[in-house]
Amino acid sequence: MSQIHQLRKGSTPLLILSVLLPEKKYGYQIMRELEQRSDGYFTMTAALLYPALHELEQEGLVESEWESDPGCRKRKYYTITTSGRAALQESHAEWQTFVANLFKTLENPLPHPKETPK
Amino acid sequence: MNADDYLDRLRGQLKNFLPEQQADILAEIATHLESGEQDETRGADADARQAHVVAEMGSPRDMGDGFQAVYQPNRWLDFLLIFVPLYVVYPLLKVGYNFLTNGPIYYDNALFLAFSIRVAIVLGLVMLIVAQRRRSLLLFAFWSSDAITRLIALISREALPAADLTTRPAAVLHSVLGWALLCGLAYWLTRVLWKHRANLLIVLFALQPLIGSLAGYITTTYALTAGVAPQYPYWTVAGFSAQGLLEIVSLAGFVLLRSRDLRWVALLLGMGNYSMMMAYAYWPHLLPVAVWMLYSAIMLLLWIIDLRQRGRLAYE
């Protein structure tokens with residue numbers, strides 16, 4: 001698995017929670033919204049999304065409820081919980097720090113010892 | 001591969017799961033496939049939309065592995081995590097108490113009764129922690145209900161007289177702790193059962209100790225008031241209590257069988273047999289017999305409701 005793939009997989013819970021922040025959604029909606037919001041960068045398979053949703057539910061970060069939509073069969077809607085909001089905030093801050101420090105490190109290398117003015 | 005093939009293959013990947021858990025997952029994935037097929041922003045051709053949504057599912061194996069990692073299902077382990085504490089550890093602790101105190105193992109021995117209820121509560125709480133770690137709905141339903149029933153027995157048996165409230169602070173604290181634990185567990189169980197309220201099989205499995213205790217309380221109170229001495233039958237099979245063996249067979253069937261109807265039969269076998277035994281013990285006194293018959297009737301009614309509801313929620 002490539003490093004970037006691992007990073008993307010690691011960011012899955014954060015992305016799902018962020019999509020659920022404004023309102024409850026069902027799995028297919030979450031997948032489509034992630035795709036739209038990232039201009040197709042974060043395309044997630046259902047095989048990754050649904051176990052991740054169930055994991056988040058087991059951790060108490062989201063809650064689910066089967067609800068009827070007019071003209072459709074029942075759908076399972078996910079809602080972010082208070083703990084989920086707190087986890088999202090924390091995770092958001094951690095990723096911001098990580099990304100900022102990553103680019104700071106990549107873009108500002110220390111001068112090579114040989115180049116140090118005497 | 002079309003949507004039905006995908007669901008069939010996924011079902012194969014989820015064969016270790018409890019049937020209701022499997023049905024819930026399959027129902028959710030079926031609605032995902034259906035949403036994709038109906039999503040007209042993905043093109044005008046319905047067949048192309050179906051092919052597209054199946055293509056972006058990921059393999060059934062990957063999805064099955066993902067769910068396995070979340071739930072780690074193992075129905076044999078769940079069965080053993082009920083059977084061993086209830087039918088091996090708990091009796092051994094009671095025998096150990098008898099060995100250490102030389103007291104009789106009878107329920108008219110107040111000290112023994114107080115010990116056995118407390119041990120059962122502690123055991124139940126330990127098993128609840130195990131249930132939480134295993135994320136097992138079945139274990140949680142069983143052990144929370146068991147602990148609640150025993151807490152109610154403890155609190156009602158050892159209710160403090162009003163005069164003791166000021167003179168025995170330790171006893172008051174004990175009582176407050178008992179109530180706090182009872183309320184906390186009852187709230188937790190109610191939340192979980194409300195979430196699974198459409199699954200009457202699990203709801204009945206979780207509530208049966210409470211319903212049985214309520215029926216027992218009513219009939220025992222009647223027996224004490226009316227001076228009735230119930231004649232409990234005691235049948236044995238190869239030296240073992242027939243009732244105990246039936247309870248184990250019922251539990252094993254409920255946890256290990258895959259067919260929902262057979263699991264209903266297994267559950268009703270244990271509960272129905274118990275209620276018939278109690279009705280027999282109180283015969284011909286109308287009220288207790290009626291209470292135990294009502295207990296059986298409620299179970300049958302729930303099964304009928306479950307049959308009528310089948311397929312409305314879960315993917316069948």
# chains A, B, ... in the order shown; residues from 1 in each chain; ligands from 1
call {"tool": "closest_atom_pairs", "arguments": {"of": "chain B", "to": "chain A", "cutoff": "6 Å", "atoms": "only C-alpha atoms", "output": "Markdown table"}}
result
| residue | atom | partner | partner_atom | distance |
| --- | --- | --- | --- | --- |
| B:His32 | CA | A:Tyr28 | CA | 5.5 |
| B:Glu56 | CA | A:Thr45 | CA | 5.5 |
| B:Met57 | CA | A:Ala46 | CA | 4.6 |
| B:Gly58 | CA | A:Ala47 | CA | 5.1 |
| B:Asp62 | CA | A:Ala47 | CA | 5.9 |
| B:Met63 | CA | A:Ala47 | CA | 4.1 |
| B:Gly66 | CA | A:Pro51 | CA | 5.2 |
| B:Phe67 | CA | A:Pro51 | CA | 5.1 |
| B:Val70 | CA | A:Glu55 | CA | 5.8 |
call {"tool": "select_by_dssp", "arguments": {"residues": "stretch 71-116 of chain A", "states": "helix (DSSP H, G or I)", "output": "list in words"}}
result
Thr82, Ser83, Gly84, Arg85, Ala86, Ala87, Leu88, Gln89, Glu90, Ser91, His92, Ala93, Glu94, Trp95, Gln96, Thr97, Phe98, Val99, Ala100, Asn101, Leu102, Phe103, Lys104, Thr105, Leu106, Glu107, Pro113, Lys114 and Glu115 of chain A
call {"tool": "residues_around", "arguments": {"residues": "stretch 75-91 of chain B", "least_positions_apart": "4", "cutoff": "7 Å", "atoms": "only C-alpha atoms", "output": "number ranges by chain"}}
result
B: 95, 120, 139, 252, 255-256
call {"tool": "residues_around", "arguments": {"residues": "A:Gly60", "least_positions_apart": "6", "cutoff": "10 Å", "atoms": "only C-alpha atoms", "output": "NGL selection string"}}
result
:A and (54 or 80-84)
call {"tool": "atom_distance", "arguments": {"atom1": "atom CA of B:Ala147", "atom2": "atom CA of B:Ile121"}}
result
5.3 Å
call {"tool": "select_by_dssp", "arguments": {"residues": "stretch 21-116 of chain A", "states": "strand (DSSP E or B)", "output": "PyMOL selection string"}}
result
chain A and resi 25-26+62-67+75-80
call {"tool": "write_last_selection", "arguments": {"atoms": "C-alpha atoms", "output": "tab-separated table (two decimals), in the first residue's frame"}}
result
chain	number	residue	atom	x	y	z
A	25	LYS	CA	-26.86	11.49	5.92
A	26	TYR	CA	-26.94	7.93	4.58
A	62	VAL	CA	-21.94	8.68	15.24
A	63	GLU	CA	-25.42	7.23	15.75
A	64	SER	CA	-27.52	5.48	13.17
A	65	GLU	CA	-31.24	5.08	12.64
A	66	TRP	CA	-33.25	3.37	9.91
A	67	GLU	CA	-35.68	5.90	8.44
A	75	ARG	CA	-32.31	3.92	4.67
A	76	LYS	CA	-29.84	3.99	7.49
A	77	TYR	CA	-29.03	7.57	8.41
A	78	TYR	CA	-25.97	8.55	10.39
A	79	THR	CA	-25.81	11.51	12.77
A	80	ILE	CA	-22.70	12.88	14.42
call {"tool": "residues_around", "arguments": {"residues": "A:Trp95", "least_positions_apart": "4", "cutoff": "12 Å", "atoms": "only C-alpha atoms", "output": "PyMOL selection string"}}
result
chain A and resi 7-8+10-11+14-15+88-91+99-102
call {"tool": "residues_around", "arguments": {"residues": "stretch 301-308 of chain B", "least_positions_apart": "6", "cutoff": "10 Å", "atoms": "only C-alpha atoms", "output": "PyMOL selection string"}}
result
chain B and resi 198-201+203-204+260-261+264-265+268
